[in-house]
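Coordinates as given in final_25.cif (mmCIF, C-alpha atoms):
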data_structure
loop_
_atom_site.label_atom_id
_atom_site.label_comp_id
_atom_site.auth_asym_id
_atom_site.auth_seq_id
_atom_site.Cartn_x
_atom_site.Cartn_y
_atom_site.Cartn_z
CA MET E 224 1.90 -34.84 3.04
CA PRO E 225 4.43 -33.07 5.29
CA GLU E 226 7.99 -34.22 4.75
CA GLY E 227 8.47 -35.55 8.29
CA ILE E 228 5.36 -37.72 8.17
CA ARG E 229 6.23 -38.95 4.68
CA ILE E 230 9.63 -40.15 5.88
CA GLN E 231 8.03 -41.90 8.87
CA VAL E 232 5.50 -43.62 6.61
CA GLU E 233 8.18 -44.78 4.17
CA THR E 234 10.30 -46.10 7.03
CA HIS E 235 7.36 -48.02 8.42
CA LEU E 236 6.45 -49.46 5.03
CA GLY E 237 10.01 -50.68 4.72
CA GLU E 238 9.73 -52.50 8.05
CA CYS E 239 6.12 -53.71 8.14
CA LYS E 240 5.31 -56.31 5.45
CA ALA E 241 1.53 -56.25 6.05
CA CYS E 242 1.31 -52.48 5.73
CA ALA E 243 3.55 -52.54 2.65
CA GLU E 244 1.26 -55.08 1.01
CA SER E 245 -1.81 -53.10 1.95
CA PHE E 246 -0.23 -49.94 0.56
CA GLN E 247 0.61 -51.73 -2.69
CA LEU E 248 -2.98 -52.96 -3.04
CA VAL E 249 -4.39 -49.49 -2.47
CA SER E 250 -1.89 -47.92 -4.91
CA LEU E 251 -2.84 -50.40 -7.62
CA ALA E 252 -6.54 -49.80 -6.93
CA ASN E 253 -5.98 -46.07 -7.38
CA LYS E 254 -4.17 -46.78 -10.66
CA VAL E 255 -7.16 -48.77 -11.91
CA ILE E 256 -9.59 -46.03 -10.90
CA ASP E 257 -7.41 -43.36 -12.55
CA ALA E 258 -7.35 -45.40 -15.79
CA GLU E 259 -11.15 -45.67 -15.76
CA LYS E 260 -11.46 -41.92 -15.16
CA GLU E 261 -9.40 -41.31 -18.31
CA LEU E 262 -11.98 -43.07 -20.49
CA LYS E 263 -13.84 -40.73 -22.81
CA SER E 264 -17.47 -41.04 -23.81
CA ASN E 265 -18.65 -41.54 -27.39
CA PRO E 266 -17.97 -38.27 -29.28
CA PHE E 267 -21.46 -38.41 -30.79
CA LEU E 268 -23.19 -38.91 -27.45
CA VAL E 269 -24.59 -35.37 -27.32
CA THR E 270 -26.09 -35.84 -30.81
CA ARG E 271 -27.59 -39.18 -29.73
CA ILE E 272 -29.14 -37.59 -26.66
CA MET E 273 -30.67 -34.71 -28.64
CA SER E 274 -32.02 -37.19 -31.26
CA GLY E 275 -33.56 -39.24 -28.46
CA ILE E 276 -35.26 -36.14 -27.09
CA GLU E 277 -36.45 -35.13 -30.58
CA GLU E 278 -37.98 -38.59 -31.04
CA LEU E 279 -39.62 -38.34 -27.63
CA GLU E 280 -41.23 -35.02 -28.54
CA GLN E 281 -42.44 -36.31 -31.92
CA ASN E 282 -44.06 -39.37 -30.29
CA ARG E 283 -45.69 -37.13 -27.72
CA GLU E 284 -47.09 -34.82 -30.43
CA SER E 285 -48.39 -37.65 -32.64
CA HIS E 286 -49.97 -39.29 -29.59
CA GLN E 287 -51.73 -36.03 -28.73
CA ARG E 288 -53.01 -35.64 -32.35
CA ILE E 289 -55.04 -38.86 -32.17
CA PRO E 290 -58.36 -38.05 -30.42
CA GLY E 291 -58.98 -39.86 -27.15
CA TYR E 292 -62.04 -41.78 -28.30
CA GLN E 293 -60.10 -43.14 -31.32
CA ARG E 294 -57.33 -44.46 -29.14
CA ILE E 295 -59.85 -46.60 -27.23
CA LEU E 296 -62.52 -47.18 -29.88
CA ARG E 297 -60.30 -48.49 -32.66
CA PRO E 298 -58.70 -51.37 -30.70
CA ALA E 299 -62.07 -52.19 -29.15
CA LEU E 300 -63.75 -52.43 -32.56
CA ILE E 301 -60.95 -54.60 -33.94
CA SER E 302 -61.28 -57.00 -30.97
CA VAL E 303 -65.06 -57.18 -31.36
CA SER E 304 -64.73 -57.86 -35.12
CA ILE E 305 -62.31 -60.72 -34.56
CA ALA E 306 -64.56 -62.23 -31.87
CA ALA E 307 -67.60 -61.90 -34.17
CA ALA E 308 -65.76 -63.54 -37.07
CA ILE E 309 -64.79 -66.52 -34.90
CA PHE E 310 -68.33 -66.87 -33.56
CA ILE E 311 -69.91 -66.74 -37.02
CA GLY E 312 -67.40 -69.26 -38.32
CA VAL E 313 -68.26 -71.71 -35.54
CA LEU E 314 -71.98 -71.16 -36.11
CA VAL E 315 -71.76 -71.80 -39.86
CA GLY E 316 -69.68 -74.87 -39.20
CA ASN E 317 -72.36 -76.31 -36.89
CA ILE E 318 -75.18 -75.63 -39.38
CA TYR E 319 -73.41 -77.54 -42.14
CA LEU E 320 -74.52 -81.18 -42.34
CA PRO E 321 -72.73 -83.74 -44.44
CA THR E 322 -75.02 -85.47 -47.08
CA GLN E 323 -76.08 -88.82 -45.76
CA SER E 324 -76.83 -91.35 -48.47
CA ILE E 325 -79.13 -93.61 -46.42
CA ASN E 326 -80.63 -95.32 -49.46
CA LYS E 327 -77.40 -95.94 -51.21
CA LEU E 328 -76.25 -99.55 -50.97
CA PRO E 329 -72.66 -100.47 -50.31
CA VAL E 330 -70.83 -101.60 -53.46
CA GLU E 331 -70.23 -105.13 -52.04
CA MET E 332 -73.96 -105.77 -51.78
CA THR E 333 -74.41 -105.60 -55.58
CA TYR E 334 -72.15 -108.64 -55.98
CA MET E 335 -74.34 -110.77 -53.68
CA ASN E 336 -76.99 -112.96 -55.35
CA ASP E 337 -79.74 -113.66 -52.81
CA ALA E 338 -81.16 -116.47 -54.92
CA ALA E 339 -77.88 -118.34 -54.86
CA LEU E 340 -77.64 -118.21 -51.08
CA GLU E 341 -78.40 -121.45 -49.29
CA SER E 342 -81.54 -121.47 -47.20
CA VAL E 343 -81.10 -121.75 -43.45
CA ASP E 344 -84.05 -124.25 -43.37
CA LEU E 345 -81.88 -126.70 -45.29
CA PHE E 346 -79.58 -127.01 -42.30
CA SER E 347 -82.42 -127.39 -39.83
CA GLN E 348 -83.91 -130.29 -41.87
CA LEU E 349 -80.60 -132.21 -41.73
CA MET Z 218 -26.98 -17.44 -18.62
CA THR Z 219 -27.41 -19.47 -15.43
CA ASP Z 220 -28.65 -23.06 -15.34
CA SER Z 221 -31.98 -21.97 -13.83
CA GLU Z 222 -32.58 -19.50 -16.67
CA ILE Z 223 -31.71 -22.12 -19.27
CA ILE Z 224 -34.07 -24.61 -17.64
CA ARG Z 225 -36.88 -22.04 -17.51
CA GLN Z 226 -36.51 -21.40 -21.24
CA ILE Z 227 -36.41 -25.12 -22.04
CA VAL Z 228 -39.60 -25.73 -20.03
CA GLN Z 229 -41.23 -22.85 -21.93
CA GLY Z 230 -40.47 -24.62 -25.22
CA ASP Z 231 -36.94 -23.87 -26.41
CA ARG Z 232 -35.71 -27.46 -26.26
CA ASN Z 233 -32.60 -26.80 -28.36
CA LEU Z 234 -31.14 -25.02 -25.34
CA TYR Z 235 -30.99 -28.40 -23.59
CA ARG Z 236 -27.93 -29.17 -25.72
CA LYS Z 237 -26.01 -26.59 -23.67
CA LEU Z 238 -26.77 -28.43 -20.44
CA VAL Z 239 -25.94 -31.78 -22.01
CA GLU Z 240 -22.58 -30.57 -23.31
CA GLN Z 241 -21.71 -29.09 -19.94
CA TYR Z 242 -22.73 -32.01 -17.70
CA GLN Z 243 -22.22 -35.02 -19.96
CA PRO Z 244 -18.59 -35.66 -18.82
CA ILE Z 245 -19.50 -35.80 -15.12
CA VAL Z 246 -22.51 -38.04 -15.71
CA PHE Z 247 -20.38 -40.35 -17.85
CA ARG Z 248 -17.68 -40.54 -15.16
CA THR Z 249 -20.27 -41.39 -12.52
CA CYS Z 250 -21.73 -44.13 -14.71
CA ILE Z 251 -18.25 -45.54 -15.41
CA GLY Z 252 -17.62 -45.67 -11.67
CA PHE Z 253 -20.62 -47.94 -11.22
CA LEU Z 254 -20.60 -49.96 -14.44
CA HIS Z 255 -16.85 -50.14 -15.39
CA HIS Z 256 -17.85 -50.56 -19.02
CA LYS Z 257 -17.63 -47.77 -21.62
CA ASP Z 258 -20.53 -48.74 -23.89
CA ASP Z 259 -22.87 -49.35 -20.96
CA ALA Z 260 -21.85 -46.01 -19.46
CA ASP Z 261 -22.58 -44.27 -22.80
CA ASP Z 262 -26.05 -45.83 -22.97
CA LEU Z 263 -26.80 -45.01 -19.35
CA THR Z 264 -25.62 -41.41 -19.78
CA GLN Z 265 -28.10 -41.07 -22.65
CA ASP Z 266 -30.89 -42.51 -20.47
CA VAL Z 267 -30.00 -40.15 -17.61
CA PHE Z 268 -30.26 -37.04 -19.78
CA ILE Z 269 -33.51 -38.17 -21.40
CA GLN Z 270 -34.96 -38.88 -17.96
CA ALA Z 271 -33.74 -35.49 -16.74
CA TYR Z 272 -35.41 -33.82 -19.73
CA GLN Z 273 -38.70 -35.55 -19.02
CA THR Z 274 -38.69 -34.38 -15.38
CA LEU Z 275 -37.21 -30.92 -16.03
CA SER Z 276 -40.45 -29.20 -15.11
CA ALA Z 277 -40.15 -30.77 -11.62
CA PHE Z 278 -36.76 -29.09 -11.04
CA LYS Z 279 -37.52 -26.44 -8.43
CA GLY Z 280 -34.03 -24.95 -8.06
CA ASP Z 281 -33.69 -25.85 -4.36
CA ALA Z 282 -30.44 -27.63 -5.17
CA SER Z 283 -28.06 -26.90 -8.02
CA PHE Z 284 -28.64 -28.60 -11.36
CA SER Z 285 -25.39 -30.54 -10.96
CA THR Z 286 -26.59 -32.02 -7.64
CA TRP Z 287 -29.90 -32.92 -9.28
CA ILE Z 288 -28.28 -34.60 -12.30
CA TYR Z 289 -25.82 -36.46 -10.03
CA ARG Z 290 -28.80 -37.87 -8.08
CA ILE Z 291 -30.48 -39.06 -11.30
CA ALA Z 292 -27.18 -40.59 -12.50
CA VAL Z 293 -26.61 -42.42 -9.20
CA ASN Z 294 -30.18 -43.76 -9.05
CA ALA Z 295 -30.10 -44.83 -12.69
CA SER Z 296 -26.76 -46.61 -12.15
CA LEU Z 297 -28.00 -48.44 -9.06
CA ASN Z 298 -31.20 -49.48 -10.86
CA LYS Z 299 -29.16 -50.76 -13.78
CA ILE Z 300 -26.93 -52.79 -11.43
CA ARG Z 301 -29.95 -54.29 -9.66
CA LYS Z 302 -31.53 -55.22 -12.97
CA SER Z 303 -28.33 -56.74 -14.34
CA SER Z 304 -27.77 -58.84 -11.21
CA ARG Z 305 -31.20 -60.41 -11.89
CA ASN Z 306 -30.15 -61.11 -15.50
CA GLN Z 307 -26.78 -62.59 -14.54
CA PHE Z 308 -28.01 -66.16 -14.94
CA LEU Z 309 -29.19 -65.50 -18.50
CA GLN Z 310 -25.94 -63.73 -19.33
CA ARG Z 311 -23.93 -66.70 -18.10
CA LEU Z 312 -26.01 -69.02 -20.30
CA GLU Z 313 -25.39 -66.71 -23.23
CA THR Z 314 -21.62 -66.85 -22.84
CA VAL Z 315 -21.75 -70.66 -22.47
CA PHE Z 316 -23.54 -70.92 -25.82
CA GLY Z 317 -21.04 -68.72 -27.59
CA GLY Z 318 -22.53 -65.33 -26.96
CA GLU Z 319 -20.35 -62.27 -27.29
CA LYS Z 320 -18.58 -61.43 -24.06
CA ASN Z 321 -18.70 -57.82 -23.01
CA LYS Z 322 -15.87 -55.93 -24.64
CA GLU Z 323 -13.83 -54.57 -21.80
CA TYR Z 324 -11.19 -51.97 -21.93
CA SER Z 325 -7.56 -52.74 -21.28
CA PHE Z 326 -5.13 -50.47 -19.59
CA PRO Z 327 -3.80 -47.84 -22.00
CA ILE Z 328 -0.41 -49.05 -23.12
CA SER Z 329 2.46 -46.62 -23.00
CA ASP Z 330 5.65 -47.24 -24.97
CA ASN Z 331 7.81 -47.95 -21.96
CA GLU Z 332 5.28 -50.23 -20.23
CA ASN Z 333 6.44 -53.75 -19.57
CA PRO Z 334 3.98 -56.27 -21.19
CA GLU Z 335 4.11 -58.34 -18.01
CA ASN Z 336 3.06 -55.28 -16.02
CA ILE Z 337 0.15 -54.73 -18.40
CA LEU Z 338 -1.06 -58.30 -17.83
CA ILE Z 339 -0.75 -57.85 -14.09
CA LEU Z 340 -2.60 -54.53 -14.24
CA ASN Z 341 -5.40 -56.01 -16.35
CA GLU Z 342 -5.79 -58.87 -13.90
CA TYR Z 343 -5.76 -56.40 -11.07
CA LYS Z 344 -8.42 -54.32 -12.81
CA GLU Z 345 -10.82 -57.28 -12.47
CA TRP Z 346 -10.04 -57.57 -8.76
CA VAL Z 347 -10.68 -53.88 -8.18
CA GLN Z 348 -13.97 -54.02 -10.11
CA LYS Z 349 -15.05 -57.11 -8.15
CA ALA Z 350 -14.14 -55.42 -4.89
CA LEU Z 351 -16.07 -52.24 -5.80
CA ASN Z 352 -19.07 -54.26 -6.97
CA SER Z 353 -19.15 -56.13 -3.65
CA LEU Z 354 -19.63 -52.95 -1.61
CA PRO Z 355 -23.08 -52.10 -0.20
CA GLU Z 356 -24.93 -49.52 -2.29
CA ASN Z 357 -24.43 -46.51 -0.01
CA GLN Z 358 -20.70 -47.20 0.45
CA ARG Z 359 -20.32 -47.76 -3.28
CA THR Z 360 -22.09 -44.47 -4.04
CA ALA Z 361 -19.92 -42.55 -1.59
CA ILE Z 362 -16.65 -44.02 -2.90
CA VAL Z 363 -17.63 -43.49 -6.56
CA LEU Z 364 -18.57 -39.85 -5.98
CA SER Z 365 -15.38 -39.32 -3.97
CA LYS Z 366 -12.85 -41.20 -6.15
CA TYR Z 367 -14.31 -40.91 -9.65
CA ASP Z 368 -15.94 -37.50 -9.48
CA ASP Z 369 -13.49 -35.99 -6.92
CA LEU Z 370 -16.38 -34.35 -5.11
CA PRO Z 371 -15.93 -32.82 -1.65
CA GLN Z 372 -17.75 -34.54 1.21
CA LYS Z 373 -20.17 -31.62 1.55
CA GLU Z 374 -21.41 -32.07 -2.03
CA ILE Z 375 -21.58 -35.85 -1.67
CA ALA Z 376 -23.71 -35.36 1.45
CA GLU Z 377 -26.07 -33.10 -0.51
CA ILE Z 378 -26.37 -35.64 -3.34
CA MET Z 379 -26.95 -38.55 -0.96
CA ASN Z 380 -29.24 -36.46 1.24
CA THR Z 381 -27.24 -37.14 4.36
CA THR Z 382 -24.70 -35.47 6.67
CA GLU Z 383 -20.99 -34.90 6.03
CA GLY Z 384 -20.13 -37.08 9.01
CA ALA Z 385 -22.14 -39.95 7.58
CA VAL Z 386 -20.38 -39.58 4.23
CA GLU Z 387 -16.96 -39.66 5.91
CA ALA Z 388 -17.92 -42.82 7.79
CA LEU Z 389 -19.19 -44.43 4.60
CA ILE Z 390 -15.97 -43.65 2.73
CA GLN Z 391 -13.78 -45.00 5.56
CA ARG Z 392 -15.80 -48.22 5.76
CA ALA Z 393 -15.74 -48.55 1.98
CA LYS Z 394 -11.94 -48.20 1.91
CA ALA Z 395 -11.55 -50.78 4.69
CA ASN Z 396 -13.87 -53.20 2.86
CA LEU Z 397 -12.00 -52.64 -0.39
CA ARG Z 398 -8.64 -53.42 1.26
CA GLU Z 399 -10.04 -56.57 2.82
CA LYS Z 400 -11.64 -57.77 -0.40
CA LEU Z 401 -8.54 -57.05 -2.51
CA SER Z 402 -6.36 -58.85 0.01
CA SER Z 403 -8.59 -61.96 -0.07
CA LEU Z 404 -8.71 -61.91 -3.89
CA LYS Z 405 -4.93 -61.72 -4.00
CA LYS Z 406 -4.61 -64.67 -1.59
CA LYS Z 407 -7.08 -66.70 -3.70
CA SER Z 408 -5.11 -66.03 -6.87
CA LYS Z 409 -1.87 -67.22 -5.24
CA LYS Z 410 -3.41 -70.65 -4.47
#
Mind converting the file's structure to structure tokens?
Amino acid sequence: MPEGIRIQVETHLGECKACAESFQLVSLANKVIDAEKELKSNPFLVTRIMSGIEELEQNRESHQRIPGYQRILRPALISVSIAAAIFIGVLVGNIYLPTQSINKLPVEMTYMNDAALESVDLFSQL
Amino acid sequence: MTDSEIIRQIVQGDRNLYRKLVEQYQPIVFRTCIGFLHHKDDADDLTQDVFIQAYQTLSAFKGDASFSTWIYRIAVNASLNKIRKSSRNQFLQRLETVFGGEKNKEYSFPISDNENPENILILNEYKEWVQKALNSLPENQRTAIVLSKYDDLPQKEIAEIMNTTEGAVEALIQRAKANLREKLSSLKKKSKK
């Protein structure tokens, strides 16, 4: 800044409170920005970037090595197998019938003596 | 060897040459990312993403603009995308800090031997104001001020990166400075209450 203008600016800042405050805010903002500019990146960043690219290339090559039909066929076959296994399981479960012992008497019935039971006619005669 | 020759050889298969470009342009990409993100670790990660993205689209580089202009554009777009994404995740981040999550490690002002500790506290508080003020700017103003203040680029180069005219860049920078002054002033008044 030319000397004459610099002196005028300084004089004005000494007189005008609003401009002085504004100037202080801008100066501090510049200080903050300068401090951020001084920050240095990770010293191993270049190595990280090159490793990332190496990994990218390896994934691309391994992806290209698998034939196209395998990439689609294998997941499709796995899905179909799982669906078939579930279906067969449900089918087998429906075929299974629990054994029904129709002729088997309940245990309590063996303790009952029909001959000892009172006849219903006895009550009707009374 | 010029950048175009290096790029031609990389596209033809000599990917180890890419290290040369990375070493040359990594500082400027990092500075651009710092200007947007204000956080060293995030800027490191984003710089890595920028160079990997640049590598993936290297074959699309026609040489119409310089490589530096091209990489600046990728860095700016990546930074803005990151900011948009993180503003959507802000709610989750706030929840995380409430439940004892690790707060982002932020840098403090470098301490010099003759620096008054009170001044350091004031400067660190002021750092937050400045970052808030910069983050509140519209995207195009923010881009212009970052490229101007952090990367010290001339308006002509900023116009080329932003794909606009020099006059438009000057207007953006002036408006950004005015908005910054206003925002900083209101933050200072709030802190006094």
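Between CA of Glu342 (chain Z) and CA of Leu401 (chain Z) the interatomic distance comes to 11.9 Å.
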- Give me, as a VMD selection string, the contact residues of chain Z against chain E at a cut-off of 8 Å, counting only C-alpha atoms. chain Z and resid 236 239 to 240 243 to 244 247 to 248 251 to 252 255 257 260 to 261 265 268 to 269 272 326 to 327 340 343 to 344 347 366 to 367 398 401 to 402
Box in all listed atoms of region 294-306 of chain E, axis-aligned, with 6 Å more on each side; write out centre and edge lengths in Å to one decimal as lines of an AutoDock Vina configuration file.
center_x = -61.2
center_y = -53.3
center_z = -31.2
size_x = 19.7
size_y = 29.8
size_z = 19.9
- Run the PyMOL selection byres ((chain Z and resi 375-382) around 7) on the file and write out the hits as number ranges by chain. Z: 286, 289-290, 361, 364, 370-374, 383-386
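Taking CA of Asn298 (chain Z) as the reference point, CA of Lys279 (chain Z) is found at 24.0 Å.
CA of Asp259 (chain Z) is found 29.0 Å from CA of Val228 (chain Z).
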- Query: For Val363 (chain Z), which residue among Z:Lys394, Z:Lys237, Z:Lys407, Z:Lys299 is the nearest when counting all atoms listed in the file?
  - Reply: Z:Lys394
- Note on the structure: One residue among Z:Ala271, Z:Ile362, Z:Ile339, Z:Ala295 is nearest to Ile227 (chain Z) when using only C-alpha atoms, and that residue is Z:Ala271
